[in-house]
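Colleague: Contents of protein-v4.csv (CSV, N, CA and C atoms) are below:
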```
chain,number,residue,atom,x,y,z
A,1,MET,N,153.1,91.4,106.3
A,1,MET,CA,152.5,90.2,106.4
A,1,MET,C,151.0,90.4,106.7
A,2,ARG,N,150.1,89.7,106.0
A,2,ARG,CA,148.7,89.8,106.2
A,2,ARG,C,148.3,88.9,107.4
A,3,ASP,N,147.2,89.3,108.1
A,3,ASP,CA,146.7,88.4,109.2
A,3,ASP,C,146.1,87.2,108.5
A,4,PRO,N,146.4,86.0,108.9
A,4,PRO,CA,145.8,84.8,108.3
A,4,PRO,C,144.3,84.8,108.7
A,5,ILE,N,143.5,84.4,107.7
A,5,ILE,CA,142.1,84.2,107.9
A,5,ILE,C,141.9,82.9,108.6
A,6,PRO,N,140.7,82.8,109.3
A,6,PRO,CA,140.5,81.5,110.1
A,6,PRO,C,140.6,80.2,109.2
A,7,ASP,N,140.1,80.3,108.0
A,7,ASP,CA,140.2,79.1,107.1
A,7,ASP,C,141.7,78.7,106.9
A,8,THR,N,142.5,79.7,106.7
A,8,THR,CA,144.0,79.4,106.5
A,8,THR,C,144.6,78.8,107.8
A,9,LEU,N,144.2,79.3,108.9
A,9,LEU,CA,144.7,78.8,110.2
A,9,LEU,C,144.2,77.3,110.4
A,10,MET,N,143.0,77.1,110.0
A,10,MET,CA,142.5,75.7,110.1
A,10,MET,C,143.2,74.8,109.2
A,11,PHE,N,143.6,75.2,108.0
A,11,PHE,CA,144.3,74.4,107.1
A,11,PHE,C,145.7,74.0,107.7
A,12,PHE,N,146.3,74.9,108.4
A,12,PHE,CA,147.6,74.6,109.0
A,12,PHE,C,147.5,74.1,110.4
A,13,ASP,N,146.3,73.8,110.9
A,13,ASP,CA,146.1,73.4,112.3
A,13,ASP,C,147.1,72.3,112.8
A,14,ASP,N,147.3,71.3,111.9
A,14,ASP,CA,148.2,70.2,112.3
A,14,ASP,C,149.6,70.4,111.8
A,15,ARG,N,149.8,71.5,111.1
A,15,ARG,CA,151.1,71.7,110.5
A,15,ARG,C,151.6,73.2,110.7
A,16,ARG,N,151.5,73.6,112.0
A,16,ARG,CA,151.9,75.0,112.3
A,16,ARG,C,153.4,75.3,111.9
A,17,ASP,N,154.2,74.2,111.8
A,17,ASP,CA,155.6,74.4,111.5
A,17,ASP,C,155.8,75.0,110.1
A,18,ALA,N,154.8,74.9,109.2
A,18,ALA,CA,154.9,75.4,107.9
A,18,ALA,C,154.1,76.7,107.7
A,19,LEU,N,153.4,77.2,108.7
A,19,LEU,CA,152.6,78.4,108.5
A,19,LEU,C,153.5,79.6,108.2
A,20,GLY,N,154.6,79.8,108.9
A,20,GLY,CA,155.4,81.0,108.6
A,20,GLY,C,155.9,81.0,107.2
A,21,LEU,N,156.3,79.9,106.7
A,21,LEU,CA,156.8,79.8,105.3
A,21,LEU,C,155.6,80.1,104.4
A,22,TYR,N,154.5,79.6,104.6
A,22,TYR,CA,153.3,79.8,103.8
A,22,TYR,C,153.0,81.3,103.8
A,23,GLU,N,153.0,82.0,104.9
A,23,GLU,CA,152.7,83.4,105.0
A,23,GLU,C,153.7,84.2,104.1
A,24,LYS,N,154.9,83.8,104.1
A,24,LYS,CA,155.9,84.5,103.2
A,24,LYS,C,155.6,84.3,101.8
A,25,LEU,N,155.2,83.1,101.4
A,25,LEU,CA,154.8,82.7,100.1
A,25,LEU,C,153.5,83.5,99.7
A,26,GLU,N,152.6,83.6,100.6
A,26,GLU,CA,151.4,84.3,100.3
A,26,GLU,C,151.7,85.8,100.1
A,27,ASP,N,152.5,86.4,100.9
A,27,ASP,CA,152.9,87.8,100.7
A,27,ASP,C,153.5,88.0,99.3
A,28,LEU,N,154.4,87.1,98.9
A,28,LEU,CA,155.1,87.1,97.6
A,28,LEU,C,154.0,87.1,96.5
A,29,LEU,N,153.0,86.2,96.6
A,29,LEU,CA,152.0,86.1,95.6
A,29,LEU,C,151.1,87.4,95.6
A,30,TYR,N,150.7,87.9,96.7
A,30,TYR,CA,149.9,89.1,96.7
A,30,TYR,C,150.6,90.3,96.2
A,31,ASP,N,151.9,90.4,96.6
A,31,ASP,CA,152.8,91.5,96.1
A,31,ASP,C,152.9,91.5,94.6
A,32,ALA,N,153.2,90.3,94.0
A,32,ALA,CA,153.4,90.1,92.6
A,32,ALA,C,152.1,90.2,91.8
A,33,PHE,N,151.0,89.7,92.4
A,33,PHE,CA,149.7,89.7,91.7
A,33,PHE,C,148.6,90.2,92.5
A,34,PRO,N,148.4,91.5,92.6
A,34,PRO,CA,147.4,92.1,93.5
A,34,PRO,C,146.0,91.6,93.2
A,35,ASP,N,145.7,91.1,92.0
A,35,ASP,CA,144.3,90.6,91.7
A,35,ASP,C,144.1,89.1,92.0
A,36,VAL,N,145.1,88.5,92.7
A,36,VAL,CA,145.0,87.0,92.9
A,36,VAL,C,143.8,86.7,93.8
A,37,VAL,N,143.2,85.6,93.5
A,37,VAL,CA,142.1,85.1,94.3
A,37,VAL,C,142.5,83.9,95.0
A,38,LYS,N,142.3,83.9,96.4
A,38,LYS,CA,142.7,82.7,97.2
A,38,LYS,C,141.5,81.9,97.6
A,39,ARG,N,141.6,80.6,97.5
A,39,ARG,CA,140.5,79.7,98.0
A,39,ARG,C,141.1,78.6,98.8
A,40,VAL,N,140.7,78.6,100.1
A,40,VAL,CA,141.1,77.6,101.0
A,40,VAL,C,140.1,76.4,100.9
A,41,GLN,N,140.7,75.2,100.6
A,41,GLN,CA,139.9,74.0,100.6
A,41,GLN,C,140.4,73.0,101.6
A,42,LYS,N,139.8,71.9,101.7
A,42,LYS,CA,140.2,70.9,102.7
A,42,LYS,C,141.7,70.4,102.5
A,43,THR,N,142.1,70.2,101.3
A,43,THR,CA,143.4,69.6,101.0
A,43,THR,C,144.4,70.5,100.4
A,44,GLN,N,144.0,71.7,100.0
A,44,GLN,CA,144.9,72.6,99.3
A,44,GLN,C,144.3,74.0,99.4
A,45,ILE,N,145.3,75.0,99.2
A,45,ILE,CA,144.9,76.4,99.0
A,45,ILE,C,145.3,76.7,97.6
A,46,THR,N,144.3,77.3,96.9
A,46,THR,CA,144.5,77.6,95.5
A,46,THR,C,144.6,79.1,95.3
A,47,PHE,N,145.4,79.5,94.3
A,47,PHE,CA,145.5,80.9,93.9
A,47,PHE,C,145.2,81.0,92.4
A,48,SER,N,144.4,81.9,92.1
A,48,SER,CA,143.9,82.0,90.7
A,48,SER,C,143.8,83.4,90.2
A,49,ASN,N,143.8,83.6,88.9
A,49,ASN,CA,143.5,84.8,88.2
A,49,ASN,C,142.2,84.4,87.4
A,50,ARG,N,142.3,84.2,86.1
A,50,ARG,CA,141.1,83.6,85.4
A,50,ARG,C,141.0,82.1,85.8
A,51,HIS,N,142.1,81.4,86.0
A,51,HIS,CA,142.2,80.0,86.3
A,51,HIS,C,143.2,79.8,87.4
A,52,VAL,N,143.2,78.6,88.0
A,52,VAL,CA,144.2,78.3,89.1
A,52,VAL,C,145.6,78.3,88.4
A,53,PHE,N,146.5,78.9,89.1
A,53,PHE,CA,147.9,78.9,88.6
A,53,PHE,C,148.9,78.3,89.7
A,54,ALA,N,148.5,78.3,90.9
A,54,ALA,CA,149.3,77.8,92.0
A,54,ALA,C,148.5,77.2,93.1
A,55,CYS,N,149.0,76.1,93.7
A,55,CYS,CA,148.4,75.5,94.8
A,55,CYS,C,149.4,75.2,95.9
A,56,VAL,N,149.0,75.3,97.1
A,56,VAL,CA,149.8,74.9,98.3
A,56,VAL,C,149.1,73.7,98.9
A,57,SER,N,149.8,72.7,99.2
A,57,SER,CA,149.3,71.5,99.9
A,57,SER,C,150.3,70.8,100.7
A,58,PHE,N,150.0,69.7,101.2
A,58,PHE,CA,150.9,68.8,101.9
A,58,PHE,C,151.0,67.5,101.2
A,59,ALA,N,150.8,67.6,99.8
A,59,ALA,CA,151.0,66.4,99.0
A,59,ALA,C,152.4,65.9,99.1
A,60,ARG,N,152.6,64.6,99.3
A,60,ARG,CA,153.9,64.0,99.4
A,60,ARG,C,154.4,63.7,98.1
A,61,VAL,N,155.3,64.5,97.6
A,61,VAL,CA,155.9,64.2,96.3
A,61,VAL,C,157.3,63.7,96.4
A,62,LYS,N,157.7,63.5,97.6
A,62,LYS,CA,159.0,62.8,97.9
A,62,LYS,C,158.7,61.7,98.9
A,63,ARG,N,159.7,60.8,99.1
A,63,ARG,CA,159.6,59.9,100.2
A,63,ARG,C,159.6,60.6,101.5
A,64,LYS,N,158.8,60.1,102.5
A,64,LYS,CA,158.7,60.7,103.8
A,64,LYS,C,160.1,61.0,104.4
A,65,ALA,N,161.0,60.1,104.3
A,65,ALA,CA,162.3,60.3,104.8
A,65,ALA,C,163.1,61.5,104.2
A,66,GLU,N,162.7,61.9,103.0
A,66,GLU,CA,163.4,63.0,102.3
A,66,GLU,C,162.7,64.3,102.5
A,67,LEU,N,161.6,64.3,103.2
A,67,LEU,CA,160.9,65.6,103.5
A,67,LEU,C,161.5,66.4,104.7
A,68,PRO,N,161.9,67.6,104.5
A,68,PRO,CA,162.4,68.4,105.6
A,68,PRO,C,161.4,68.8,106.6
A,69,GLU,N,161.8,69.3,107.7
A,69,GLU,CA,160.9,69.8,108.7
A,69,GLU,C,160.2,71.1,108.2
A,70,GLY,N,159.0,71.3,108.5
A,70,GLY,CA,158.3,72.5,108.1
A,70,GLY,C,158.0,72.7,106.6
A,71,TRP,N,157.8,71.6,105.9
A,71,TRP,CA,157.7,71.6,104.5
A,71,TRP,C,156.3,71.8,104.1
A,72,LEU,N,156.1,72.3,102.8
A,72,LEU,CA,154.8,72.4,102.1
A,72,LEU,C,155.1,72.2,100.7
A,73,THR,N,154.1,71.8,99.9
A,73,THR,CA,154.3,71.6,98.5
A,73,THR,C,153.6,72.7,97.7
A,74,LEU,N,154.3,73.3,96.8
A,74,LEU,CA,153.8,74.3,95.9
A,74,LEU,C,153.7,73.6,94.5
A,75,THR,N,152.5,73.7,94.0
A,75,THR,CA,152.2,73.2,92.6
A,75,THR,C,152.0,74.3,91.6
A,76,LEU,N,152.6,74.2,90.5
A,76,LEU,CA,152.4,75.2,89.5
A,76,LEU,C,152.1,74.5,88.1
A,77,GLY,N,151.3,75.1,87.3
A,77,GLY,CA,151.0,74.7,86.0
A,77,GLY,C,151.7,75.5,85.0
A,78,LEU,N,152.6,74.9,84.2
A,78,LEU,CA,153.4,75.6,83.2
A,78,LEU,C,153.2,75.0,81.8
A,79,PRO,N,153.6,75.8,80.8
A,79,PRO,CA,153.4,75.3,79.4
A,79,PRO,C,154.5,74.3,78.9
A,80,ALA,N,155.6,74.2,79.7
A,80,ALA,CA,156.7,73.3,79.3
A,80,ALA,C,157.3,72.7,80.6
A,81,PRO,N,158.0,71.6,80.4
A,81,PRO,CA,158.7,71.1,81.6
A,81,PRO,C,159.9,71.9,82.0
A,82,LEU,N,160.1,72.0,83.3
A,82,LEU,CA,161.3,72.7,83.8
A,82,LEU,C,162.5,71.7,83.9
A,83,ASP,N,163.6,72.2,83.5
A,83,ASP,CA,164.8,71.4,83.7
A,83,ASP,C,165.5,71.9,85.0
A,84,SER,N,165.0,71.5,86.1
A,84,SER,CA,165.5,72.0,87.4
A,84,SER,C,165.4,71.0,88.4
A,85,PRO,N,166.4,70.7,89.2
A,85,PRO,CA,166.3,69.8,90.3
A,85,PRO,C,165.4,70.3,91.4
A,86,ARG,N,165.0,71.5,91.4
A,86,ARG,CA,164.1,72.0,92.4
A,86,ARG,C,162.7,71.5,92.2
A,87,ALA,N,162.3,71.0,91.1
A,87,ALA,CA,161.0,70.4,90.8
A,87,ALA,C,161.1,69.0,91.4
A,88,ALA,N,160.4,68.7,92.4
A,88,ALA,CA,160.4,67.4,93.0
A,88,ALA,C,159.7,66.3,92.2
A,89,ALA,N,158.7,66.8,91.4
A,89,ALA,CA,158.0,65.9,90.5
A,89,ALA,C,157.3,66.8,89.5
A,90,LYS,N,157.2,66.2,88.3
A,90,LYS,CA,156.5,66.9,87.2
A,90,LYS,C,155.8,65.8,86.3
A,91,SER,N,154.7,66.3,85.7
A,91,SER,CA,154.0,65.4,84.8
A,91,SER,C,153.3,66.3,83.8
A,92,GLU,N,152.9,65.6,82.7
A,92,GLU,CA,152.1,66.3,81.6
A,92,GLU,C,150.7,65.7,81.6
A,93,PRO,N,149.8,66.2,82.4
A,93,PRO,CA,148.5,65.6,82.4
A,93,PRO,C,147.7,65.7,81.1
A,94,TRP,N,148.0,66.7,80.3
A,94,TRP,CA,147.5,66.8,78.9
A,94,TRP,C,148.5,67.6,78.1
A,95,PRO,N,148.5,67.4,76.8
A,95,PRO,CA,149.5,68.1,76.0
A,95,PRO,C,149.5,69.6,76.2
A,96,GLY,N,150.8,70.1,76.4
A,96,GLY,CA,151.0,71.5,76.6
A,96,GLY,C,150.7,72.0,78.0
A,97,ARG,N,150.5,71.1,78.9
A,97,ARG,CA,150.3,71.6,80.3
A,97,ARG,C,151.1,70.7,81.2
A,98,TRP,N,152.1,71.3,81.9
A,98,TRP,CA,153.0,70.5,82.8
A,98,TRP,C,152.7,71.0,84.2
A,99,THR,N,152.5,70.0,85.0
A,99,THR,CA,152.3,70.2,86.5
A,99,THR,C,153.6,70.0,87.2
A,100,HIS,N,154.1,70.9,88.0
A,100,HIS,CA,155.3,70.8,88.7
A,100,HIS,C,155.1,71.0,90.2
A,101,HIS,N,155.7,70.1,91.0
A,101,HIS,CA,155.6,70.1,92.4
A,101,HIS,C,156.9,70.5,93.0
A,102,PHE,N,156.9,71.5,93.9
A,102,PHE,CA,158.1,71.9,94.6
A,102,PHE,C,157.9,71.7,96.1
A,103,VAL,N,158.9,71.1,96.8
A,103,VAL,CA,158.8,71.0,98.2
A,103,VAL,C,159.6,72.1,98.8
A,104,LEU,N,159.0,73.0,99.5
A,104,LEU,CA,159.6,74.2,100.1
A,104,LEU,C,159.6,74.0,101.6
A,105,SER,N,160.7,74.5,102.2
A,105,SER,CA,160.8,74.4,103.7
A,105,SER,C,161.6,75.6,104.3
A,106,ARG,N,162.2,76.5,103.4
A,106,ARG,CA,162.9,77.6,104.0
A,106,ARG,C,162.6,78.9,103.2
A,107,PRO,N,162.6,80.0,103.9
A,107,PRO,CA,162.3,81.3,103.2
A,107,PRO,C,163.2,81.6,102.0
A,108,GLU,N,164.5,81.1,102.1
A,108,GLU,CA,165.4,81.4,101.0
A,108,GLU,C,165.0,80.7,99.7
A,109,GLU,N,164.1,79.7,99.8
A,109,GLU,CA,163.7,79.1,98.5
A,109,GLU,C,162.7,79.9,97.8
A,110,LEU,N,162.2,81.0,98.4
A,110,LEU,CA,161.2,81.9,97.8
A,110,LEU,C,162.0,83.0,97.1
A,111,ASP,N,162.8,82.6,96.1
A,111,ASP,CA,163.8,83.5,95.5
A,111,ASP,C,163.4,83.9,94.1
A,112,ALA,N,164.2,84.6,93.4
A,112,ALA,CA,163.9,85.2,92.1
A,112,ALA,C,163.6,84.1,91.1
A,113,GLU,N,164.2,82.9,91.2
A,113,GLU,CA,164.0,81.9,90.2
A,113,GLU,C,162.5,81.3,90.5
A,114,LEU,N,162.2,81.1,91.7
A,114,LEU,CA,160.8,80.6,92.0
A,114,LEU,C,159.8,81.7,91.6
A,115,GLU,N,160.1,82.9,91.9
A,115,GLU,CA,159.2,84.0,91.5
A,115,GLU,C,159.0,84.0,89.9
A,116,SER,N,160.0,83.8,89.2
A,116,SER,CA,159.9,83.8,87.7
A,116,SER,C,159.0,82.6,87.3
A,117,TRP,N,159.0,81.5,88.0
A,117,TRP,CA,158.1,80.4,87.6
A,117,TRP,C,156.7,80.7,88.0
A,118,LEU,N,156.5,81.4,89.2
A,118,LEU,CA,155.2,81.9,89.6
A,118,LEU,C,154.6,82.8,88.5
A,119,ARG,N,155.4,83.7,88.0
A,119,ARG,CA,155.0,84.6,87.0
A,119,ARG,C,154.6,83.9,85.7
A,120,GLU,N,155.4,82.9,85.3
A,120,GLU,CA,155.1,82.1,84.1
A,120,GLU,C,153.8,81.4,84.3
A,121,ALA,N,153.6,80.8,85.5
A,121,ALA,CA,152.3,80.0,85.8
A,121,ALA,C,151.1,81.0,85.8
A,122,TYR,N,151.3,82.2,86.3
A,122,TYR,CA,150.2,83.2,86.3
A,122,TYR,C,149.8,83.6,84.9
A,123,ALA,N,150.8,83.8,84.1
A,123,ALA,CA,150.6,84.2,82.7
A,123,ALA,C,149.9,83.1,81.9
A,124,PHE,N,150.4,81.9,82.2
A,124,PHE,CA,149.9,80.7,81.5
A,124,PHE,C,148.4,80.5,81.8
A,125,ALA,N,148.1,80.6,83.1
A,125,ALA,CA,146.7,80.5,83.5
A,125,ALA,C,145.8,81.6,83.0
A,126,ALA,N,146.3,82.8,82.9
A,126,ALA,CA,145.6,84.0,82.4
A,126,ALA,C,145.2,83.8,81.0
A,127,ALA,N,146.1,83.1,80.2
A,127,ALA,CA,145.9,83.0,78.8
A,127,ALA,C,145.1,81.7,78.5
A,128,LYS,N,144.8,80.9,79.4
A,128,LYS,CA,144.0,79.7,79.2
A,128,LYS,C,142.7,80.0,78.7
A,129,GLY,N,142.2,79.3,77.7
A,129,GLY,CA,140.9,79.6,77.1
A,129,GLY,C,141.1,80.5,75.9
A,130,ALA,N,141.9,81.6,76.0
A,130,ALA,CA,142.2,82.4,74.9
A,130,ALA,C,143.0,81.6,73.8
A,131,ARG,N,143.8,80.6,74.2
A,131,ARG,CA,144.5,79.8,73.3
A,131,ARG,C,143.6,78.9,72.5
A,132,ARG,N,142.3,78.7,73.0
A,132,ARG,CA,141.4,77.8,72.4
A,132,ARG,C,140.1,78.5,71.9
A,133,GLY,N,140.3,79.7,71.5
A,133,GLY,CA,139.2,80.5,71.0
A,133,GLY,C,138.3,81.0,72.1
A,134,GLY,N,138.8,81.2,73.3
A,134,GLY,CA,138.0,81.9,74.3
A,134,GLY,C,137.2,80.9,75.2
A,135,SER,N,137.2,79.6,75.0
A,135,SER,CA,136.5,78.7,75.9
A,135,SER,C,137.3,78.5,77.1
A,136,LYS,N,136.5,78.2,78.2
A,136,LYS,CA,137.2,78.0,79.5
A,136,LYS,C,137.4,76.6,79.7
```
Can you give me the file's structure in the form of structure tokens?
Modeller:
Amino acid sequence: MRDPIPDTLMFFDDRRDALGLYEKLEDLLYDAFPDVVKRVQKTQITFSNRHVFACVSFARVKRKAELPEGWLTLTLGLPAPLDSPRAAAKSEPWPGRWTHHFVLSRPEELDAELESWLREAYAFAAAKGARRGGSK
């Protein structure tokens, strides 16, 4: 586990119950993608290669009563919709790009299936621009 940087701790200042889960997710990301770039913003933490492929936030994608204790939202951009009940919400903001939101609350949810979606999102982001003749 990496020591959290002050910006990350500030992001979780009011949500310390989700920090441990986030740290496990961050470790998974850095282990799978050593070149990942993390950016802590006011409302989300983004992870990118050439482009953003994953975001962590506290976006409510379920009704408040349905949210478990210690939750966070992981958002991934994928080339096609997932047929999985694990995706709490999904939309197609433009053709060929599907945004999926996952509500995570337990380390067991950081499993091989989620890692495969992270890998797909990473590859999709890395190929962005190359699909349109190199433009960003």
Colleague: For the contact check between stretch 37-102 of chain A and stretch 7-20 of chain A, emit one row per residue of stretch 37-102 of chain A within 6.5 Å, containing the shortest atom pair and the distance in Å rounded to one decimal, counting only N, CA and C atoms, chain then rising number order, as a Markdown table.
Modeller:
```
| residue | atom | partner | partner_atom | distance |
| --- | --- | --- | --- | --- |
| A:Val40 | CA | A:Asp7 | C | 6.0 |
| A:Glu69 | C | A:Asp17 | C | 6.2 |
| A:Gly70 | CA | A:Asp17 | C | 4.1 |
| A:Trp71 | N | A:Ala18 | CA | 5.2 |
| A:Leu72 | N | A:Ala18 | CA | 6.1 |
```
Colleague: So that I can check the secondary structure, give me every residue of chain A assigned alpha helix (DSSP H) by backbone DSSP, as a PyMOL selection string.
Modeller: chain A and resi 6-11+19-32+112-127
Colleague: Looking only at strand (DSSP E or B) from DSSP on the backbone, list the matching residues of stretch 26-132 of chain A as a VMD selection string.
Modeller: chain A and resid 37 to 40 44 to 48 52 to 57 72 to 78 89 to 94 97 to 104
Colleague: Which polymer residues have any atom within 9 Å of an atom of A:Pro107, counting only C-alpha atoms, with same-chain residues fewer than 2 positions away left out, as a ChimeraX atom specification?
Modeller: /A:20-21,24-25,104-105,109-111
Colleague: Can I get the selected residues back with N, CA and C atoms, as an mmCIF file, in the coordinates of the input?
Modeller:
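The new file result-v1.cif reads:
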```
data_model
loop_
_atom_site.group_PDB
_atom_site.id
_atom_site.type_symbol
_atom_site.label_atom_id
_atom_site.label_comp_id
_atom_site.auth_asym_id
_atom_site.auth_seq_id
_atom_site.Cartn_x
_atom_site.Cartn_y
_atom_site.Cartn_z
ATOM 1 N N GLY A 20 154.600 79.800 108.900
ATOM 2 C CA GLY A 20 155.400 81.000 108.600
ATOM 3 C C GLY A 20 155.900 81.000 107.200
ATOM 4 N N LEU A 21 156.300 79.900 106.700
ATOM 5 C CA LEU A 21 156.800 79.800 105.300
ATOM 6 C C LEU A 21 155.600 80.100 104.400
ATOM 7 N N LYS A 24 154.900 83.800 104.100
ATOM 8 C CA LYS A 24 155.900 84.500 103.200
ATOM 9 C C LYS A 24 155.600 84.300 101.800
ATOM 10 N N LEU A 25 155.200 83.100 101.400
ATOM 11 C CA LEU A 25 154.800 82.700 100.100
ATOM 12 C C LEU A 25 153.500 83.500 99.700
ATOM 13 N N LEU A 104 159.000 73.000 99.500
ATOM 14 C CA LEU A 104 159.600 74.200 100.100
ATOM 15 C C LEU A 104 159.600 74.000 101.600
ATOM 16 N N SER A 105 160.700 74.500 102.200
ATOM 17 C CA SER A 105 160.800 74.400 103.700
ATOM 18 C C SER A 105 161.600 75.600 104.300
ATOM 19 N N GLU A 109 164.100 79.700 99.800
ATOM 20 C CA GLU A 109 163.700 79.100 98.500
ATOM 21 C C GLU A 109 162.700 79.900 97.800
ATOM 22 N N LEU A 110 162.200 81.000 98.400
ATOM 23 C CA LEU A 110 161.200 81.900 97.800
ATOM 24 C C LEU A 110 162.000 83.000 97.100
ATOM 25 N N ASP A 111 162.800 82.600 96.100
ATOM 26 C CA ASP A 111 163.800 83.500 95.500
ATOM 27 C C ASP A 111 163.400 83.900 94.100
#
```
Colleague: I'd like the contact shell of A:Ala87 - 6.5 Å cut-off, only N, CA and C atoms, skipping same-chain residues fewer than 3 positions apart - returned as a count of residues only.
Modeller: 6
Colleague: Could you check which of A:Asn49, A:Arg106, A:Pro79, A:Glu115 is closest to A:Pro93, using only C-alpha atoms?
Modeller: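 Ranked by minimum distance to A:Pro93, first place goes to A:Pro79.
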Colleague: Distance atom N of A:Pro6-atom N of A:Leu78, one decimal place?
Modeller: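 Result for atom N of A:Pro6 versus atom N of A:Leu78: 28.9 Å, one decimal.
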Colleague: To one decimal place, how far is atom C of A:Ala54 from atom C of A:Leu74 in Å?
Modeller: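 Taking atom C of A:Ala54 as the start and atom C of A:Leu74 as the end point, the length is 6.5 Å.
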Colleague: Name the residues in contact with A:Ala32 at a cut-off of 10 Å, using only C-alpha atoms, excluding same-chain residues fewer than 4 positions from it; report them as a PyMOL selection string.
Modeller: chain A and resi 26-28+36+115+118-119+122
Colleague: Rounded to one decimal place, report the atom C of A:Asp31-atom N of A:Arg86 distance in Å.
Modeller: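 Computing the Euclidean distance for atom C of A:Asp31 and atom N of A:Arg86 yields 23.6 Å.
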Colleague: For A:Phe58, which residue out of A:Thr73, A:Pro95, A:Thr46, A:Tyr22 is the nearest one, using all atoms listed in the file?
Modeller: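 Nearest to A:Phe58: A:Thr73.
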Colleague: Measuring atom to atom with all atoms listed in the file, identify which of A:Ala112, A:Ala89, A:Leu29, A:Ile5 is nearest to A:Val61.
Modeller: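 Under the stated criterion, the closest residue is A:Ala89.
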Colleague: Which residue out of A:Pro68, A:Glu23, A:Thr43, A:Leu76 has the minimum interatomic distance to A:Trp117 when only N, CA and C atoms are used?
Modeller: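 Nearest candidate to A:Trp117 out of A:Pro68, A:Glu23, A:Thr43, A:Leu76: A:Leu76.
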